[in-house]
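K.L.:
My structure is in target.cif, and what it holds is mmCIF, C-alpha atoms:
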```
data_run
loop_
_atom_site.label_atom_id
_atom_site.label_comp_id
_atom_site.auth_asym_id
_atom_site.auth_seq_id
_atom_site.Cartn_x
_atom_site.Cartn_y
_atom_site.Cartn_z
CA MET A 1 -32.08 59.96 49.68
CA ALA A 2 -34.65 62.68 49.65
CA ASN A 3 -38.16 62.67 51.06
CA LEU A 4 -38.04 59.52 53.06
CA GLU A 5 -41.15 59.43 55.20
CA ILE A 6 -40.52 56.93 57.90
CA ALA A 7 -43.82 55.80 59.36
CA LYS A 8 -42.49 53.39 61.98
CA THR A 9 -39.28 52.35 63.66
CA LEU A 10 -38.51 48.86 64.92
CA ASP A 11 -35.50 48.11 67.09
CA VAL A 12 -34.41 44.47 66.96
CA GLN A 13 -30.89 45.02 68.28
CA GLY A 14 -29.93 42.39 70.84
CA ILE A 15 -32.63 40.02 69.58
CA SER A 16 -31.18 36.84 68.18
CA CYS A 17 -31.87 35.15 64.83
CA PRO A 18 -34.35 34.17 63.60
CA VAL A 19 -36.68 36.10 65.96
CA ASN A 20 -35.29 39.45 64.77
CA ALA A 21 -36.08 38.60 61.14
CA VAL A 22 -39.56 37.29 62.02
CA ARG A 23 -40.40 40.54 63.83
CA VAL A 24 -39.17 42.61 60.90
CA LYS A 25 -41.24 40.56 58.49
CA ALA A 26 -44.37 41.04 60.62
CA ALA A 27 -43.76 44.79 60.92
CA VAL A 28 -43.31 45.22 57.15
CA ALA A 29 -46.49 43.26 56.52
CA SER A 30 -48.47 45.79 58.56
CA LEU A 31 -47.15 48.78 56.55
CA GLN A 32 -49.32 50.73 54.11
CA GLU A 33 -48.15 50.79 50.47
CA ASP A 34 -46.53 54.23 50.69
CA GLU A 35 -45.06 53.85 54.16
CA LEU A 36 -41.49 53.10 55.12
CA LEU A 37 -40.17 51.27 58.15
CA GLU A 38 -36.82 51.91 59.77
CA VAL A 39 -35.30 48.81 61.32
CA LEU A 40 -32.38 49.02 63.73
CA VAL A 41 -30.44 45.77 63.69
CA ASP A 42 -27.11 44.45 64.94
CA GLU A 43 -24.15 44.29 62.60
CA GLY A 44 -22.90 41.00 61.16
CA GLU A 45 -25.02 37.85 61.06
CA ALA A 46 -28.19 39.69 62.20
CA VAL A 47 -28.28 42.19 59.31
CA LEU A 48 -27.47 39.40 56.88
CA ARG A 49 -30.38 37.35 58.19
CA VAL A 50 -32.81 40.27 58.07
CA ALA A 51 -31.73 41.19 54.53
CA ARG A 52 -32.20 37.61 53.39
CA THR A 53 -35.69 37.39 54.90
CA LEU A 54 -36.71 40.67 53.26
CA LYS A 55 -35.42 39.55 49.89
CA ASP A 56 -37.08 36.13 50.17
CA SER A 57 -40.42 37.78 50.98
CA GLY A 58 -40.10 40.31 48.16
CA HIS A 59 -39.84 43.53 50.17
CA ARG A 60 -37.63 46.37 49.06
CA ILE A 61 -34.70 47.81 50.95
CA VAL A 62 -34.47 51.53 50.30
CA LYS A 63 -31.42 52.58 52.29
CA VAL A 64 -28.89 50.99 54.60
CA GLU A 65 -26.62 52.89 56.89
CA ASN A 66 -24.04 51.41 59.21
CA ARG A 67 -23.92 53.51 62.35
CA GLY A 68 -20.98 51.76 63.91
CA GLU A 69 -22.69 49.78 66.64
CA GLY A 70 -25.89 49.03 64.76
CA VAL A 71 -27.30 49.22 61.27
CA SER A 72 -30.30 51.21 60.10
CA VAL A 73 -32.26 49.50 57.34
CA ILE A 74 -35.10 51.42 55.70
CA VAL A 75 -37.67 49.11 54.18
CA GLY A 76 -40.68 49.54 51.94
CA LYS A 77 -43.49 47.13 51.32
CA MET B 1 12.09 -6.65 57.94
CA SER B 2 10.36 -9.45 59.85
CA ASP B 3 7.15 -11.04 58.62
CA GLN B 4 5.20 -9.28 61.30
CA GLU B 5 6.60 -5.87 60.34
CA LEU B 6 5.82 -6.54 56.71
CA ASP B 7 2.31 -7.51 57.68
CA MET B 8 1.96 -4.29 59.71
CA SER B 9 2.94 -2.07 56.85
CA ALA B 10 0.55 -3.91 54.53
CA LEU B 11 -2.27 -3.37 57.01
CA GLY B 12 -1.49 0.34 57.22
CA LYS B 13 -1.94 0.65 53.48
CA VAL B 14 -5.46 -0.67 53.76
CA GLY B 15 -6.52 1.55 56.62
CA MET B 16 -5.92 -0.71 59.60
CA MET B 17 -3.77 0.60 62.42
CA ARG B 18 -2.36 -1.20 65.41
CA GLN B 19 -3.65 0.07 68.73
CA LYS B 20 -1.52 0.35 71.85
CA GLN B 21 -3.44 -2.67 73.19
CA PRO B 22 -1.68 -5.81 71.86
CA ASP B 23 -3.43 -7.51 68.91
CA ASN B 24 -6.11 -4.79 68.75
CA TYR B 25 -6.61 -2.78 65.59
CA VAL B 26 -8.43 0.31 64.37
CA MET B 27 -10.36 -0.13 61.14
CA ARG B 28 -10.55 3.21 59.35
CA LEU B 29 -13.42 3.33 56.87
CA LYS B 30 -13.66 5.45 53.78
CA ALA B 31 -16.56 7.87 53.29
CA VAL B 32 -15.84 10.13 50.31
CA ALA B 33 -17.19 13.63 51.06
CA GLY B 34 -18.46 12.21 54.35
CA ASP B 35 -21.33 10.36 52.69
CA MET B 36 -22.67 6.94 53.67
CA THR B 37 -26.05 5.37 53.08
CA ALA B 38 -28.30 4.34 55.95
CA SER B 39 -27.84 0.65 55.11
CA GLN B 40 -24.07 1.08 55.09
CA LEU B 41 -24.31 2.66 58.52
CA ALA B 42 -26.33 -0.35 59.70
CA CYS B 43 -23.56 -2.62 58.42
CA VAL B 44 -20.92 -0.53 60.24
CA ALA B 45 -22.96 -0.82 63.44
CA GLU B 46 -23.24 -4.57 63.02
CA VAL B 47 -19.51 -5.02 62.41
CA ALA B 48 -18.65 -2.80 65.39
CA GLU B 49 -20.99 -4.85 67.55
CA LYS B 50 -19.68 -8.19 66.29
CA TYR B 51 -15.93 -7.56 66.04
CA GLY B 52 -15.26 -4.34 67.97
CA LYS B 53 -16.56 -3.15 71.32
CA GLY B 54 -19.93 -1.94 70.05
CA PHE B 55 -18.97 1.68 69.43
CA VAL B 56 -17.54 3.73 66.60
CA HIS B 57 -15.26 6.77 66.56
CA LEU B 58 -15.88 9.68 64.19
CA SER B 59 -12.60 10.92 62.76
CA THR B 60 -11.71 14.53 62.01
CA ARG B 61 -11.87 13.74 58.28
CA GLN B 62 -15.51 12.75 58.05
CA GLY B 63 -14.72 9.07 58.47
CA ILE B 64 -15.79 6.31 60.80
CA GLU B 65 -13.35 4.14 62.71
CA ILE B 66 -14.12 0.85 64.40
CA HIS B 67 -11.79 0.29 67.34
CA TYR B 68 -10.71 -2.79 69.28
CA VAL B 69 -10.92 -5.27 66.42
CA HIS B 70 -8.74 -8.33 67.11
CA ARG B 71 -6.22 -9.01 64.35
CA ASP B 72 -7.73 -12.46 63.76
CA HIS B 73 -11.06 -10.79 62.87
CA LEU B 74 -9.77 -8.05 60.60
CA GLU B 75 -10.22 -9.90 57.35
CA LYS B 76 -13.71 -11.17 58.19
CA ALA B 77 -14.78 -7.70 59.28
CA ARG B 78 -13.30 -6.15 56.13
CA LEU B 79 -15.17 -8.58 53.87
CA GLU B 80 -18.49 -7.90 55.61
CA LEU B 81 -17.99 -4.17 55.16
CA GLN B 82 -16.96 -4.64 51.55
CA LYS B 83 -20.22 -6.48 50.82
CA ALA B 84 -22.08 -3.33 51.86
CA GLY B 85 -19.88 -1.27 49.53
CA ILE B 86 -17.70 0.17 52.30
CA GLU B 87 -14.02 0.41 51.50
CA MET B 88 -11.17 0.94 53.91
CA GLY B 89 -9.59 4.37 54.44
CA ALA B 90 -5.90 5.20 54.25
CA CYS B 91 -3.02 5.65 56.66
CA GLY B 92 0.65 6.50 56.17
CA PRO B 93 2.39 8.47 53.40
CA ARG B 94 -0.39 8.48 50.84
CA VAL B 95 -3.46 10.37 49.65
CA ARG B 96 -6.15 10.27 52.34
CA VAL B 97 -9.93 10.24 52.04
CA ILE B 98 -11.19 13.36 50.27
CA VAL B 99 -13.40 15.52 52.48
CA ALA B 100 -16.14 17.86 51.26
CA CYS B 101 -19.05 19.93 52.52
CA PRO B 102 -22.53 19.25 51.03
CA GLY B 103 -21.97 22.00 48.43
CA ASP B 104 -24.55 23.48 46.08
CA GLU B 105 -26.78 20.40 46.21
CA THR B 106 -28.31 21.45 49.52
CA CYS B 107 -26.59 24.59 50.84
CA ARG B 108 -27.78 28.03 49.78
CA TRP B 109 -24.24 29.42 49.97
CA GLY B 110 -22.58 26.59 48.03
CA VAL B 111 -21.47 27.65 44.55
CA ILE B 112 -19.91 24.40 43.31
CA ASP B 113 -20.77 20.69 43.19
CA THR B 114 -18.31 19.67 45.91
CA LYS B 115 -19.26 16.00 46.00
CA LYS B 116 -18.73 15.53 42.29
CA ILE B 117 -15.24 17.01 42.55
CA ALA B 118 -14.44 14.99 45.68
CA ARG B 119 -15.48 11.77 43.92
CA GLU B 120 -13.38 12.62 40.88
CA LEU B 121 -10.32 13.37 43.05
CA ASP B 122 -10.97 10.12 44.92
CA THR B 123 -10.96 8.15 41.66
CA ARG B 124 -7.77 9.83 40.52
CA TYR B 125 -5.67 9.86 43.69
CA PHE B 126 -7.00 7.94 46.69
CA LYS B 127 -4.31 5.81 48.39
CA GLN B 128 -1.61 6.80 45.95
CA GLU B 129 1.79 7.16 47.54
CA THR B 130 3.29 10.57 48.28
CA PRO B 131 6.38 11.68 50.27
CA SER B 132 4.25 12.23 53.39
CA LYS B 133 0.52 12.07 54.09
CA PHE B 134 -1.51 14.09 51.60
CA LYS B 135 -4.94 15.58 52.29
CA LEU B 136 -7.43 17.11 49.90
CA ALA B 137 -10.58 19.01 50.78
CA VAL B 138 -13.37 20.57 48.74
CA THR B 139 -15.53 23.32 50.20
CA GLY B 140 -18.47 25.02 48.50
CA CYS B 141 -17.85 28.66 49.35
CA SER B 142 -15.84 31.10 51.43
CA ASN B 143 -17.60 30.00 54.61
CA ASN B 144 -14.94 27.31 54.29
CA CYS B 145 -16.72 24.64 56.32
CA THR B 146 -14.31 21.92 55.21
CA LYS B 147 -11.29 24.17 55.75
CA ALA B 148 -9.63 24.27 52.34
CA ASN B 149 -6.63 26.12 53.75
CA GLU B 150 -5.78 23.40 56.29
CA ASN B 151 -5.24 20.79 53.57
CA ASP B 152 -2.35 19.99 51.24
CA ILE B 153 -4.75 20.78 48.40
CA GLY B 154 -7.89 22.81 49.04
CA VAL B 155 -10.58 23.62 46.50
CA ARG B 156 -13.04 26.34 47.41
CA GLY B 157 -16.06 27.46 45.39
CA ALA B 158 -15.68 31.07 44.30
CA ILE B 159 -17.57 33.75 42.43
CA GLU B 160 -16.32 37.09 41.19
CA PRO B 161 -19.00 39.75 41.60
CA GLU B 162 -19.74 42.37 38.96
CA TRP B 163 -21.86 45.47 39.43
CA VAL B 164 -24.46 46.40 36.81
CA ALA B 165 -25.85 49.90 37.10
CA ASP B 166 -29.30 49.32 35.58
CA ASP B 167 -31.53 48.62 38.55
CA CYS B 168 -29.32 49.66 41.45
CA ASN B 169 -31.29 51.82 43.87
CA ASP B 170 -28.19 52.93 45.74
CA CYS B 171 -29.36 51.41 49.04
CA GLY B 172 -25.84 50.59 50.24
CA LEU B 173 -26.70 47.15 51.67
CA CYS B 174 -23.72 45.56 49.89
CA ILE B 175 -21.28 47.90 51.63
CA THR B 176 -22.66 46.88 55.01
CA LEU B 177 -22.81 43.16 54.23
CA CYS B 178 -19.43 42.66 52.57
CA PRO B 179 -17.44 40.79 55.24
CA VAL B 180 -14.10 42.20 54.10
CA ASN B 181 -15.17 45.75 53.20
CA SER B 182 -14.22 45.33 49.57
CA ILE B 183 -17.14 47.30 48.15
CA GLU B 184 -16.97 51.05 47.72
CA ARG B 185 -19.42 53.65 46.42
CA ARG B 186 -18.07 56.49 44.32
CA ASP B 187 -19.74 59.53 42.77
CA ASN B 188 -19.25 59.98 39.05
CA ASP B 189 -20.66 62.02 36.15
CA GLU B 190 -23.74 59.83 35.81
CA GLY B 191 -24.42 59.77 39.54
CA PHE B 192 -22.70 56.95 41.30
CA ILE B 193 -21.00 53.61 40.87
CA TYR B 194 -20.32 50.70 43.18
CA ALA B 195 -16.94 49.05 42.77
CA VAL B 196 -15.37 45.95 44.26
CA ASP B 197 -11.69 45.55 45.02
CA GLN B 198 -11.04 42.16 43.39
CA ASN B 199 -7.79 41.70 45.33
CA SER B 200 -9.34 41.82 48.77
CA CYS B 201 -12.69 40.23 47.72
CA ILE B 202 -13.02 36.73 49.18
CA ASN B 203 -15.40 35.65 46.36
CA CYS B 204 -18.15 34.68 48.80
CA SER B 205 -21.42 35.51 46.96
CA ILE B 206 -23.06 37.48 49.78
CA CYS B 207 -23.43 40.59 47.59
CA THR B 208 -24.71 38.64 44.57
CA SER B 209 -27.15 36.62 46.66
CA LEU B 210 -28.60 39.41 48.76
CA CYS B 211 -28.57 42.56 46.61
CA PRO B 212 -32.24 43.67 46.73
CA SER B 213 -32.20 44.88 43.13
CA ASN B 214 -29.96 42.11 41.73
CA SER B 215 -27.39 44.69 40.69
CA TRP B 216 -24.51 42.50 41.84
CA VAL B 217 -24.25 39.62 39.42
CA ILE B 218 -21.82 36.74 39.07
CA GLY B 219 -19.12 37.85 36.63
CA ARG B 220 -16.99 34.73 36.81
CA LYS B 221 -17.49 31.52 38.73
CA GLY B 222 -14.99 28.81 39.56
CA TYR B 223 -12.63 27.44 42.15
CA THR B 224 -10.03 29.01 44.39
CA LEU B 225 -7.11 26.60 44.54
CA PHE B 226 -5.06 26.42 47.74
CA ILE B 227 -1.81 24.50 48.10
CA GLY B 228 0.36 23.50 51.02
CA GLY B 229 -1.92 23.65 54.04
CA THR B 230 -1.33 21.44 57.05
CA MET B 231 -2.17 21.40 60.74
CA GLY B 232 -0.28 18.86 62.85
CA ARG B 233 2.99 19.58 64.60
CA ILE B 234 4.08 22.43 62.38
CA PRO B 235 0.89 24.13 61.17
CA ARG B 236 0.88 26.10 57.96
CA PHE B 237 -2.11 27.67 56.26
CA ALA B 238 -2.33 26.93 52.56
CA THR B 239 -1.34 29.55 50.01
CA VAL B 240 -3.65 30.58 47.18
CA LEU B 241 -2.20 29.25 43.95
CA LYS B 242 -4.97 30.72 41.78
CA LYS B 243 -7.91 32.83 42.93
CA ILE B 244 -10.35 31.79 40.22
CA VAL B 245 -9.78 28.62 38.23
CA GLU B 246 -12.57 28.77 35.70
CA SER B 247 -12.93 25.21 34.44
CA GLU B 248 -12.96 21.79 36.01
CA ASP B 249 -10.40 20.60 33.45
CA GLU B 250 -7.97 23.32 34.47
CA LEU B 251 -8.58 22.51 38.13
CA TYR B 252 -7.67 18.84 37.65
CA MET B 253 -4.68 19.76 35.50
CA LEU B 254 -3.29 22.07 38.22
CA ILE B 255 -3.88 19.49 40.97
CA GLU B 256 -2.11 16.88 38.86
CA LYS B 257 0.85 19.24 38.42
CA ALA B 258 0.92 20.08 42.14
CA ILE B 259 1.02 16.43 43.18
CA ALA B 260 3.71 15.69 40.57
CA CYS B 261 5.76 18.63 41.86
CA TYR B 262 5.46 17.29 45.41
CA ARG B 263 6.50 13.81 44.31
CA ASN B 264 9.52 15.18 42.44
CA ASN B 265 10.70 17.57 45.12
CA GLY B 266 9.29 16.51 48.48
CA ARG B 267 11.58 14.79 50.94
CA LYS B 268 10.46 11.71 52.79
CA LYS B 269 8.08 12.71 55.63
CA GLU B 270 8.11 16.35 54.49
CA ARG B 271 4.62 17.79 54.06
CA PHE B 272 3.80 19.62 50.82
CA GLY B 273 3.57 23.03 52.52
CA HIS B 274 6.96 22.65 54.17
CA MET B 275 8.43 21.67 50.81
CA ILE B 276 6.92 24.86 49.35
CA ASP B 277 8.55 26.92 52.11
CA ARG B 278 11.90 25.23 51.51
CA LEU B 279 11.82 25.85 47.74
CA GLY B 280 10.02 29.20 47.90
CA PHE B 281 6.38 29.71 46.95
CA GLU B 282 7.19 31.79 43.87
CA LYS B 283 9.33 29.01 42.44
CA VAL B 284 6.61 26.42 42.98
CA LYS B 285 4.01 28.78 41.54
CA GLU B 286 6.12 29.26 38.45
CA GLU B 287 6.46 25.52 38.03
CA LEU B 288 2.70 25.06 38.27
CA LEU B 289 1.39 28.12 36.44
CA GLY B 290 4.31 29.07 34.25
CA LYS B 291 6.01 32.49 34.23
CA SER B 292 3.57 35.30 34.87
#
```
Show me the file's structure as structure tokens.

P.N.:
Amino acid sequence: MANLEIAKTLDVQGISCPVNAVRVKAAVASLQEDELLEVLVDEGEAVLRVARTLKDSGHRIVKVENRGEGVSVIVGK
Amino acid sequence: MSDQELDMSALGKVGMMRQKQPDNYVMRLKAVAGDMTASQLACVAEVAEKYGKGFVHLSTRQGIEIHYVHRDHLEKARLELQKAGIEMGACGPRVRVIVACPGDETCRWGVIDTKKIARELDTRYFKQETPSKFKLAVTGCSNNCTKANENDIGVRGAIEPEWVADDCNDCGLCITLCPVNSIERRDNDEGFIYAVDQNSCINCSICTSLCPSNSWVIGRKGYTLFIGGTMGRIPRFATVLKKIVESEDELYMLIEKAIACYRNNGRKKERFGHMIDRLGFEKVKEELLGKS
């Protein structure tokens, strides 16, 4: 993925569902149209929950990378 | 056999079991797929109050039992329950109440109409005699809430995912979400492809439900059919007979064959799974599916 300009980073690792997904949703809502947000989230149920919330609210996931202990999810508006 | 013994075995057939307390019985009620209406529940409460000790016991198979019913009250209690449309459950060497999760009616992961299948299986097999007890379960997806693989016959909703290149933005979410790491990304002449290993895929629908660009679609949908599961004294997880059974007709045909096979080959008190181990799974599979 070239030219990803990440405007903000949000770490929701260690925060349980559904609070993690709610925080991600709020952070994406405050993004400008051309900005990207990098979310750091726990593996397993947490990333599934966050992905579901983003899909339900119509936001786009640009790139996902599993870093072993946590997952980086890059999101656009 | 004395009259009392005869009476006992007749009661067992209609879901009434003797307790260790003399003259006290358990009334096991039938709730197909675990469903009961509110007014039926009110009737159960009334009967438990009137003829039992004012409490009910929830069984491990989604049923309700009323305990401490005196044998002289069994028939009256049964008739009151029957008026509310509540039938008795089953005990002994026969087909037990069919259990099911709520399925696609209310659950976002459910991929099949579990209750419809449970009701159909109930109509076809409930209380029929088998060499040992025989349990069937229907579960809507790979989350396996009703534990298809712990039953003599388990039906589990299944989808087979298929990747379509068109809108895929190569985000890689599917690789991270797949619970069994069955999805792989490969470079090719046109850029990239995502591929699923159908052998290790558990047909769960996470990729098809959550893909942000809807590039994972349902290729085939159906039922995974498990045979020979049991817990109890000698536990045995069920074996997959067929990973995707595509039609309801085929599903019922295979279940019919499986039960017939058990009736023809099972020894008295031998569970279906232990019969399969004795004969060999491949032999049973061949009998049910034909030579592959």

K.L.:
Using 3 Å of padding on each side, determine the axis-aligned box around all atoms of stretch 62-76 of chain A present in the file and give its centre and edge lengths in Å to one decimal, as AutoDock Vina command-line options.

P.N.:
```
--center_x -30.8 --center_y 51.3 --center_z 58.5 --size_x 25.7 --size_y 10.5 --size_z 22.3
```

K.L.:
Using only C-alpha atoms, which protein or nucleic acid residues come within 10 Å of B:Thr208? Drop anything in the same chain fewer than 6 positions from it, and give the result as a list in words.

P.N.:
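Here the answer would be Ile159, Glu160, Pro161, Glu162, Trp163, Cys174, Asn214, Ser215, Trp216, Val217, Ile218 and Gly219 of chain B.
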
K.L.:
Here is a test: counting all atoms listed in the file, which residue of A:Val73, A:Val47, A:Leu37, A:Leu10 is nearest to A:Arg23?

P.N.:
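Ranked by minimum distance to A:Arg23, first place goes to A:Leu10.
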
K.L.:
When you get a sec, could you note down which chain B residues fall within 8 Å of chain A, using all atoms listed in the file, as a list in words?

P.N.:
Asn169, Asp170, Cys171, Gly172, Leu173, Thr176, Leu177, Leu210 and Pro212 of chain B

K.L.:
Atom CA of A:Leu36 and atom CA of A:Val50 are how many Å apart?

P.N.:
15.8 Å

K.L.:
May I ask which of the residues B:Pro235, B:Pro22, B:Gly191, B:Gly34 is the closest one to B:Cys168, counting all atoms listed in the file?

P.N.:
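Counting all atoms listed in the file, the residue closest to B:Cys168 is B:Gly191.
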
K.L.:
To one decimal place in Å, what is the distance between atom CA of B:Phe281 and atom CA of B:Cys91?

P.N.:
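Interatomic distance here is 27.6 Å.
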
K.L.:
May I ask which of the residues B:Tyr252, B:Asn264, B:Gly103, B:Asn199 is the closest one to B:Asp122, counting all atoms listed in the file?

P.N.:
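Result for the nearest residue to B:Asp122: B:Tyr252.
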
K.L.:
Which residue out of B:Ile193, B:Cys107, B:Met275, B:Ala100 has the minimum interatomic distance to B:Ala33 when all atoms listed in the file are used?

P.N.:
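The answer is B:Ala100, which sits nearest to B:Ala33.
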
K.L.:
For stretch 261-274 of chain B, where the input has fewer atoms than it should, I would like N, CA and C atoms rebuilt and written as a compact mmCIF listing (two decimals), in the coordinates of the input.

P.N.:
```txt
# COMPACT_ATOMS: atom_id res chain seq x y z
N CYS B 261 4.70 17.76 41.32
CA CYS B 261 5.76 18.63 41.86
C CYS B 261 6.18 18.16 43.25
N TYR B 262 5.17 17.79 44.05
CA TYR B 262 5.46 17.29 45.41
C TYR B 262 6.23 15.96 45.33
N ARG B 263 5.80 15.10 44.43
CA ARG B 263 6.50 13.81 44.31
C ARG B 263 7.95 13.99 43.84
N ASN B 264 8.17 14.97 42.96
CA ASN B 264 9.52 15.18 42.44
C ASN B 264 10.44 15.87 43.43
N ASN B 265 9.85 16.74 44.27
CA ASN B 265 10.70 17.57 45.12
C ASN B 265 10.60 17.31 46.62
N GLY B 266 9.51 16.71 47.04
CA GLY B 266 9.29 16.51 48.48
C GLY B 266 10.24 15.47 49.06
N ARG B 267 10.73 15.77 50.26
CA ARG B 267 11.58 14.79 50.94
C ARG B 267 10.69 13.85 51.75
N LYS B 268 11.23 12.69 52.04
CA LYS B 268 10.46 11.71 52.79
C LYS B 268 9.97 12.34 54.10
N LYS B 269 8.71 12.19 54.40
CA LYS B 269 8.08 12.71 55.63
C LYS B 269 7.91 14.23 55.64
N GLU B 270 8.26 14.88 54.54
CA GLU B 270 8.11 16.35 54.49
C GLU B 270 6.75 16.67 53.88
N ARG B 271 5.92 17.44 54.61
CA ARG B 271 4.62 17.79 54.06
C ARG B 271 4.78 18.78 52.91
N PHE B 272 3.75 18.79 52.04
CA PHE B 272 3.80 19.62 50.82
C PHE B 272 4.09 21.10 51.15
N GLY B 273 3.40 21.61 52.15
CA GLY B 273 3.57 23.03 52.52
C GLY B 273 4.98 23.35 52.98
N HIS B 274 5.60 22.42 53.70
CA HIS B 274 6.96 22.65 54.17
C HIS B 274 7.96 22.56 53.01
```
